[in-house]
2 protein chains.
Amino acid sequence: MTFELTVLGSGSGAPIPSRYNSAQVLNVHERFVLIDCGEGTQFQLRRNSINFNRIELILISHLHGDHFFGLAGLLNTMHLLGRTKDIHIVGHKNLKVYIDTIFKISHFKPGYSIIFHPIEDNQEGEFLDMNKYNIYIFPLKHRIVSCGYRITEKQSESKIKKEFILENSPNIEEIKAIKNGADFTTDDGKLIENKKIMIAAPPPRSYVYASDTSYYPEIIPHIKNVNLLYHEATFDQSKYINAREKFHSTAEEAARIAKAANVNQLLIGHFSARYKDAEVLLNEAKKIFPNTIAANDGLQVIINY
Amino acid sequence: MTFELTVLGSGSGAPIPSRYNSAQVLNVHERFVLIDCGEGTQFQLRRNSINFNRIELILISHLHGDHFFGLAGLLNTMHLLGRTKDIHIVGHKNLKVYIDTIFKISHFKPGYSIIFHPIEDNQEGEFLDMNKYNIYIFPLKHRIVSCGYRITEKQSESKIKKEFILENSPNIEEIKAIKNGADFTTDDGKLIENKKIMIAAPPPRSYVYASDTSYYPEIIPHIKNVNLLYHEATFDQSKYINAREKFHSTAEEAARIAKAANVNQLLIGHFSARYKDAEVLLNEAKKIFPNTIAANDGLQVIINY
């Protein structure tokens, strides 16, 4: 089952040609979740051949422009491309004010419905139950209210081994019983234990998006053991003061969070425009947490079990 | 004196990789006027090496998203780049609602002032007097209120011929008198007529931006004899019905307006995404008005006397 991230924008405040503003798409079993939507996200979706119509949910972390100024254009273009399917949007309640204002002043009535799910300040816990995954939210620490997201695929069903079916041709009643935990007796009277018939479903995978935020160890309980953590790393440690002042993190801090939370892999991004490439940031993080990768626009990460 | 247009976006509703949404920059004697500001305008400004800080005025034609969704990001980035200079913005009064909403919900306080000049519905006439040029406005005909702009450079001063100065070395008093229309008497008593001393200033040049609009001959009195007319040409004549329904123009209609208004040159743009290249539109317009060119992103047009 697909669980794959595509980075659309890995830059911070002011976009530069090589790094668009924040935006990512998570493919969960072919359902697409857009996370943040900086200006130009619709161009980046096209560049990465991602069908707009397959996005069913948009999560906005916070209301700094580099994280949501692309939303108006995307919603507009979705309509022009003939979308009729509902779209879910999650964000701070003021995001609804933005959407309503845009629609009103531009006389725009999309041919689809928006189902808006407002987040209260400092809200945390299970937030949204989608068909193929759940959304869990937790507060980050930034100049303005900022929200972290944990997206967890739903537990898939255990399966009956193919070899068992080929050898024993169970009927529908027997298959139902096996799925409910029953053992099986073969035609020649041999008992096969249920655990030898079934393949246990793999544990559900989780992805966490934590941006923008200061170094904030309070998030650790919410992100323990996840398969992939995206944590902003706007600065390197020599710019520690800038990070503190602007409520951003350094690469070292992102790595310390990843280590303490025992995540499998760390992805850093939201790099300040001062960094021509991310090497200094990546090296800094790897010293603390070796399994770190650096975001770039177009990067695809397969999230493994 | 420079009077030059750069096209940043020549597409219509849904942007495509080769055509961004509407935006242009007019350089009037090194003062920059941005006309419309579709999503991604800030990227296109960078691509065309146009210094954001030199933009002193932004004109927004109407409040369809493809003409102003880039404004929030541009204003944001101008602040991040350290702008302190005032910026003038002209547009429908609801544009102010958009700007105020964006600023409020994103807790954004730019380090510069915005001087907003609201346009009333159907307003026409001289609108804004800038240092190097004047802005004249007139109504277009679209689904929503849409405004055409005529930008006219200010008359430059007549000049005294260099040869005259070299030959006769007039003193400051004499120069003042000549500039006020006086003739000149040489040391050996010869009279030189003022008209033989002065070079008349060239007539002021004008540029008109007319998009989005239906075919609307009522604009002709406002755009008579201008040096360059930008007129939208979303469709070709075979899509006449689409043009009528959506209050857009065909290339033929744009050319008929140009011809009737006796403009010097016609620039067509705002092409529907269905056109892979603009050839069919350009050919259609040229049949009616030969001095037509087609917009593409990055096109520069020097506007001649």
# chains A, B, ... in the order shown; residues from 1 in each chain; ligands from 1
call {"tool": "calpha_fit_and_write", "arguments": {"fixed": "chain B", "moving": "chain A", "output": "short mmCIF file (atom, residue, chain, number, x, y, z; two decimals) with C-alpha atoms, in the first residue's frame"}}
result
data_model
loop_
_atom_site.label_atom_id
_atom_site.label_comp_id
_atom_site.auth_asym_id
_atom_site.auth_seq_id
_atom_site.Cartn_x
_atom_site.Cartn_y
_atom_site.Cartn_z
CA MET A 1 13.34 58.15 -22.04
CA THR A 2 12.37 54.56 -21.33
CA PHE A 3 8.78 53.52 -21.99
CA GLU A 4 8.86 49.77 -22.09
CA LEU A 5 6.51 46.93 -21.27
CA THR A 6 7.47 43.50 -19.93
CA VAL A 7 4.84 40.77 -19.98
CA LEU A 8 5.09 38.54 -16.90
CA GLY A 9 1.98 36.44 -17.46
CA SER A 10 0.02 35.99 -20.67
CA GLY A 11 -2.37 33.20 -19.72
CA SER A 12 -5.98 33.24 -18.60
CA GLY A 13 -7.92 31.48 -15.76
CA ALA A 14 -5.93 28.33 -15.10
CA PRO A 15 -2.18 28.94 -15.38
CA ILE A 16 -0.12 26.56 -17.51
CA PRO A 17 3.65 26.09 -17.28
CA SER A 18 4.32 28.32 -20.30
CA ARG A 19 1.81 31.02 -19.42
CA TYR A 20 1.44 32.47 -15.95
CA ASN A 21 -1.64 34.44 -14.93
CA SER A 22 -1.97 38.09 -15.91
CA ALA A 23 0.80 40.48 -14.90
CA GLN A 24 2.87 43.10 -16.70
CA VAL A 25 5.42 45.71 -15.73
CA LEU A 26 5.56 49.08 -17.46
CA ASN A 27 8.82 50.97 -17.10
CA VAL A 28 8.08 54.69 -17.41
CA HIS A 29 11.34 56.63 -17.18
CA GLU A 30 12.67 54.02 -14.74
CA ARG A 31 9.57 54.16 -12.53
CA PHE A 32 7.89 50.74 -12.55
CA VAL A 33 4.16 50.16 -12.70
CA LEU A 34 2.89 46.62 -12.11
CA ILE A 35 -0.37 45.93 -13.92
CA ASP A 36 -2.31 43.00 -12.50
CA CYS A 37 -0.68 40.48 -10.23
CA GLY A 38 -1.71 36.86 -10.80
CA GLU A 39 -0.32 34.09 -8.62
CA GLY A 40 3.42 33.72 -9.11
CA THR A 41 4.02 37.30 -10.22
CA GLN A 42 6.86 37.57 -7.70
CA PHE A 43 8.56 34.57 -9.32
CA GLN A 44 8.17 36.14 -12.76
CA LEU A 45 9.59 39.44 -11.53
CA ARG A 46 12.70 37.59 -10.37
CA ARG A 47 12.94 35.63 -13.60
CA ASN A 48 12.89 38.90 -15.51
CA SER A 49 15.40 40.53 -13.12
CA ILE A 50 13.00 43.28 -12.12
CA ASN A 51 13.83 44.86 -8.79
CA PHE A 52 10.71 44.66 -6.58
CA ASN A 53 11.71 47.83 -4.83
CA ARG A 54 11.39 49.92 -8.00
CA ILE A 55 7.69 49.18 -8.33
CA GLU A 56 5.93 52.29 -7.09
CA LEU A 57 2.40 51.58 -8.28
CA ILE A 58 0.25 48.48 -8.70
CA LEU A 59 -2.90 48.60 -10.85
CA ILE A 60 -5.42 45.78 -10.52
CA SER A 61 -7.98 45.55 -13.33
CA HIS A 62 -10.62 43.45 -11.60
CA LEU A 63 -11.11 40.93 -8.83
CA HIS A 64 -10.96 37.61 -10.62
CA GLY A 65 -8.30 35.54 -8.94
CA ASP A 66 -6.04 35.19 -11.98
CA HIS A 67 -5.50 38.96 -11.83
CA PHE A 68 -4.69 39.50 -8.16
CA PHE A 69 -3.93 36.30 -6.23
CA GLY A 70 -0.19 37.08 -6.38
CA LEU A 71 -0.58 40.37 -4.55
CA ALA A 72 -0.44 38.98 -1.00
CA GLY A 73 2.82 37.12 -1.63
CA LEU A 74 4.40 40.07 -3.41
CA LEU A 75 3.55 42.51 -0.59
CA ASN A 76 4.92 39.97 1.89
CA THR A 77 8.18 39.48 0.03
CA MET A 78 8.65 43.23 -0.47
CA HIS A 79 8.62 43.52 3.31
CA LEU A 80 11.04 40.61 3.77
CA LEU A 81 13.41 42.28 1.29
CA GLY A 82 13.42 45.37 3.50
CA ARG A 83 11.19 47.75 1.58
CA THR A 84 10.42 51.00 3.40
CA LYS A 85 9.18 53.08 0.43
CA ASP A 86 5.43 53.68 0.10
CA ILE A 87 3.58 51.71 -2.51
CA HIS A 88 0.46 52.91 -4.33
CA ILE A 89 -2.24 50.38 -5.17
CA VAL A 90 -5.21 51.08 -7.42
CA GLY A 91 -8.17 48.74 -7.66
CA HIS A 92 -11.79 48.04 -6.86
CA LYS A 93 -12.62 49.01 -3.28
CA ASN A 94 -12.98 45.33 -2.32
CA LEU A 95 -9.30 44.83 -3.04
CA LYS A 96 -8.69 46.72 0.18
CA VAL A 97 -10.85 44.16 2.02
CA TYR A 98 -8.57 41.42 0.65
CA ILE A 99 -5.39 43.23 1.67
CA ASP A 100 -6.73 44.05 5.13
CA THR A 101 -7.92 40.46 5.67
CA ILE A 102 -4.61 38.97 4.59
CA PHE A 103 -2.65 41.33 6.81
CA LYS A 104 -4.91 40.77 9.77
CA ILE A 105 -5.10 36.99 9.75
CA SER A 106 -1.38 36.55 9.01
CA HIS A 107 -0.38 39.15 11.64
CA PHE A 108 1.54 40.98 8.94
CA LYS A 109 2.66 44.57 9.38
CA PRO A 110 4.80 45.66 6.45
CA GLY A 111 7.67 48.04 7.01
CA TYR A 112 6.24 50.32 4.32
CA SER A 113 2.94 52.10 3.81
CA ILE A 114 0.27 51.19 1.29
CA ILE A 115 -1.56 54.09 -0.27
CA PHE A 116 -4.75 52.60 -1.61
CA HIS A 117 -6.75 54.38 -4.32
CA PRO A 118 -10.20 52.78 -4.64
CA ILE A 119 -12.05 52.83 -7.95
CA GLU A 120 -15.79 53.29 -7.93
CA ASP A 121 -17.96 51.17 -10.21
CA ASN A 122 -18.00 52.59 -13.75
CA GLN A 123 -15.62 55.40 -12.85
CA GLU A 124 -13.84 57.06 -15.77
CA GLY A 125 -11.44 59.94 -16.35
CA GLU A 126 -8.09 61.15 -15.03
CA PHE A 127 -7.45 59.20 -11.86
CA LEU A 128 -3.92 59.53 -10.52
CA ASP A 129 -1.12 62.00 -11.09
CA MET A 130 2.27 60.39 -10.51
CA ASN A 131 5.59 62.16 -10.91
CA LYS A 132 6.43 60.79 -14.35
CA TYR A 133 3.02 59.78 -15.70
CA ASN A 134 -0.73 59.99 -15.33
CA ILE A 135 -3.26 57.23 -14.91
CA TYR A 136 -6.60 57.52 -16.70
CA ILE A 137 -9.29 54.90 -16.11
CA PHE A 138 -12.35 53.71 -18.00
CA PRO A 139 -14.85 50.87 -17.57
CA LEU A 140 -14.54 47.59 -19.44
CA LYS A 141 -17.37 45.10 -19.83
CA HIS A 142 -16.91 41.85 -17.95
CA ARG A 143 -18.82 39.49 -15.67
CA ILE A 144 -17.72 41.63 -12.75
CA VAL A 145 -16.60 45.26 -12.58
CA SER A 146 -13.41 45.56 -14.62
CA CYS A 147 -11.32 48.65 -15.25
CA GLY A 148 -9.16 49.69 -18.19
CA TYR A 149 -6.02 51.79 -17.62
CA ARG A 150 -4.34 54.34 -19.83
CA ILE A 151 -0.88 55.32 -18.67
CA THR A 152 0.57 58.42 -20.28
CA GLU A 153 4.07 59.69 -19.68
CA LYS A 154 4.30 63.37 -18.81
CA GLN A 155 5.30 65.78 -21.52
CA SER A 156 9.05 66.22 -21.28
CA GLU A 157 10.51 69.72 -21.52
CA SER A 158 11.64 71.19 -24.81
CA LYS A 159 15.43 71.37 -24.95
CA ILE A 160 17.96 73.88 -26.25
CA LYS A 161 20.00 72.47 -29.12
CA LYS A 162 23.53 71.48 -28.07
CA GLU A 163 25.04 73.15 -31.14
CA PHE A 164 23.45 76.47 -30.15
CA ILE A 165 25.00 76.31 -26.67
CA LEU A 166 28.43 75.37 -28.02
CA GLU A 167 28.39 78.18 -30.58
CA ASN A 168 26.85 80.95 -28.46
CA SER A 169 27.59 80.14 -24.81
CA PRO A 170 24.40 81.77 -23.46
CA ASN A 171 24.48 82.74 -19.75
CA ILE A 172 21.97 81.47 -17.22
CA GLU A 173 19.65 84.47 -17.61
CA GLU A 174 19.66 84.02 -21.39
CA ILE A 175 18.95 80.28 -21.07
CA LYS A 176 15.96 81.00 -18.83
CA ALA A 177 14.66 83.54 -21.33
CA ILE A 178 15.07 81.12 -24.24
CA LYS A 179 13.24 78.38 -22.34
CA ASN A 180 10.42 80.87 -21.81
CA GLY A 181 10.24 81.46 -25.56
CA ALA A 182 12.60 84.39 -26.16
CA ASP A 183 14.67 84.76 -29.32
CA PHE A 184 18.44 85.31 -28.98
CA THR A 185 20.74 87.98 -30.30
CA THR A 186 24.33 86.91 -30.91
CA ASP A 187 27.39 89.00 -29.96
CA ASP A 188 27.58 90.23 -33.55
CA GLY A 189 23.93 91.31 -33.51
CA LYS A 190 22.35 88.44 -35.41
CA LEU A 191 18.86 87.43 -34.29
CA ILE A 192 18.17 83.71 -33.90
CA GLU A 193 14.50 82.80 -33.64
CA ASN A 194 13.47 80.72 -30.62
CA LYS A 195 12.07 77.93 -32.77
CA LYS A 196 15.53 77.50 -34.32
CA ILE A 197 17.12 77.21 -30.89
CA MET A 198 14.74 74.74 -29.27
CA ILE A 199 14.06 71.08 -29.95
CA ALA A 200 10.38 70.46 -29.40
CA ALA A 201 9.68 67.72 -26.86
CA PRO A 202 8.23 64.59 -28.42
CA PRO A 203 4.52 64.01 -27.82
CA PRO A 204 3.85 61.97 -24.67
CA ARG A 205 3.39 58.25 -25.24
CA SER A 206 0.46 56.24 -23.91
CA TYR A 207 -0.09 52.61 -23.11
CA VAL A 208 -3.52 51.07 -22.58
CA TYR A 209 -4.30 47.87 -20.68
CA ALA A 210 -7.77 46.49 -21.48
CA SER A 211 -8.37 43.09 -19.84
CA ASP A 212 -10.67 41.34 -19.05
CA THR A 213 -13.42 42.56 -21.33
CA SER A 214 -16.00 41.60 -23.87
CA TYR A 215 -15.91 43.29 -27.26
CA TYR A 216 -16.93 46.75 -26.10
CA PRO A 217 -16.64 49.61 -28.60
CA GLU A 218 -17.55 52.10 -25.87
CA ILE A 219 -13.88 52.03 -24.86
CA ILE A 220 -12.73 53.50 -28.18
CA PRO A 221 -12.96 57.18 -27.21
CA HIS A 222 -10.74 56.45 -24.20
CA ILE A 223 -7.98 54.76 -26.15
CA LYS A 224 -7.81 56.77 -29.40
CA ASN A 225 -4.37 56.97 -31.02
CA VAL A 226 -2.43 55.38 -28.16
CA ASN A 227 1.01 54.01 -28.94
CA LEU A 228 0.35 50.52 -27.65
CA LEU A 229 -2.92 48.82 -26.77
CA TYR A 230 -3.00 45.59 -24.81
CA HIS A 231 -6.38 44.00 -25.43
CA GLU A 232 -7.36 40.58 -24.23
CA ALA A 233 -8.00 37.93 -26.87
CA THR A 234 -8.96 34.86 -24.89
CA PHE A 235 -10.48 33.02 -27.85
CA ASP A 236 -10.40 32.85 -31.63
CA GLN A 237 -13.48 33.69 -33.65
CA SER A 238 -14.60 30.04 -33.88
CA LYS A 239 -15.08 30.20 -30.10
CA TYR A 240 -17.20 33.31 -30.41
CA ILE A 241 -19.96 31.79 -28.24
CA ASN A 242 -17.52 31.04 -25.42
CA ALA A 243 -16.29 34.62 -25.60
CA ARG A 244 -19.82 35.99 -25.35
CA GLU A 245 -20.81 33.69 -22.51
CA LYS A 246 -17.73 34.45 -20.45
CA PHE A 247 -17.50 38.15 -21.30
CA HIS A 248 -14.18 37.77 -23.06
CA SER A 249 -13.04 38.87 -26.53
CA THR A 250 -11.86 37.07 -29.62
CA ALA A 251 -8.63 38.05 -31.39
CA GLU A 252 -10.67 39.49 -34.26
CA GLU A 253 -12.63 41.66 -31.87
CA ALA A 254 -9.45 42.95 -30.22
CA ALA A 255 -8.17 43.88 -33.67
CA ARG A 256 -11.41 45.64 -34.57
CA ILE A 257 -11.11 47.77 -31.45
CA ALA A 258 -7.46 48.57 -32.26
CA LYS A 259 -8.39 49.58 -35.81
CA ALA A 260 -11.33 51.74 -34.81
CA ALA A 261 -9.24 53.47 -32.13
CA ASN A 262 -6.40 54.04 -34.59
CA VAL A 263 -3.77 52.81 -32.16
CA ASN A 264 -0.21 52.39 -33.31
CA GLN A 265 0.33 48.81 -32.18
CA LEU A 266 -1.82 46.06 -30.69
CA LEU A 267 -0.64 43.47 -28.19
CA ILE A 268 -2.99 40.55 -27.59
CA GLY A 269 -2.89 38.17 -24.62
CA HIS A 270 -4.86 36.43 -21.85
CA PHE A 271 -5.02 33.39 -24.08
CA SER A 272 -7.16 30.41 -23.14
CA ALA A 273 -5.12 27.37 -22.10
CA ARG A 274 -6.55 25.51 -25.11
CA TYR A 275 -4.11 27.32 -27.44
CA LYS A 276 -0.74 25.58 -27.53
CA ASP A 277 0.70 28.63 -29.27
CA ALA A 278 -0.85 31.95 -30.19
CA GLU A 279 -0.48 31.64 -33.96
CA VAL A 280 -4.14 31.18 -34.81
CA LEU A 281 -5.03 34.16 -32.63
CA LEU A 282 -2.26 36.33 -34.02
CA ASN A 283 -3.15 35.54 -37.63
CA GLU A 284 -6.80 36.28 -36.98
CA ALA A 285 -6.00 39.68 -35.48
CA LYS A 286 -3.47 40.60 -38.18
CA LYS A 287 -6.08 40.21 -40.90
CA ILE A 288 -7.90 43.16 -39.37
CA PHE A 289 -5.02 45.04 -37.79
CA PRO A 290 -1.60 44.13 -39.23
CA ASN A 291 0.56 45.76 -36.56
CA THR A 292 -0.38 43.18 -33.93
CA ILE A 293 1.93 41.15 -31.72
CA ALA A 294 1.10 38.27 -29.40
CA ALA A 295 2.09 38.26 -25.74
CA ASN A 296 4.25 35.58 -24.20
CA ASP A 297 5.77 35.43 -20.74
CA GLY A 298 8.95 37.49 -20.76
CA LEU A 299 8.11 39.49 -23.90
CA GLN A 300 9.53 43.02 -23.86
CA VAL A 301 7.97 45.73 -26.00
CA ILE A 302 9.65 49.10 -26.44
CA ILE A 303 6.88 51.63 -26.91
CA ASN A 304 8.00 54.07 -29.58
CA TYR A 305 6.88 57.61 -30.34
#
call {"tool": "select_by_dssp", "arguments": {"residues": "range 7-53 of chain A", "states": "strand (DSSP E)", "output": "count of residues only"}}
result
16
call {"tool": "select_by_dssp", "arguments": {"residues": "range 2-230 of chain A", "states": "alpha helix (DSSP H)", "output": "count of residues only"}}
result
53
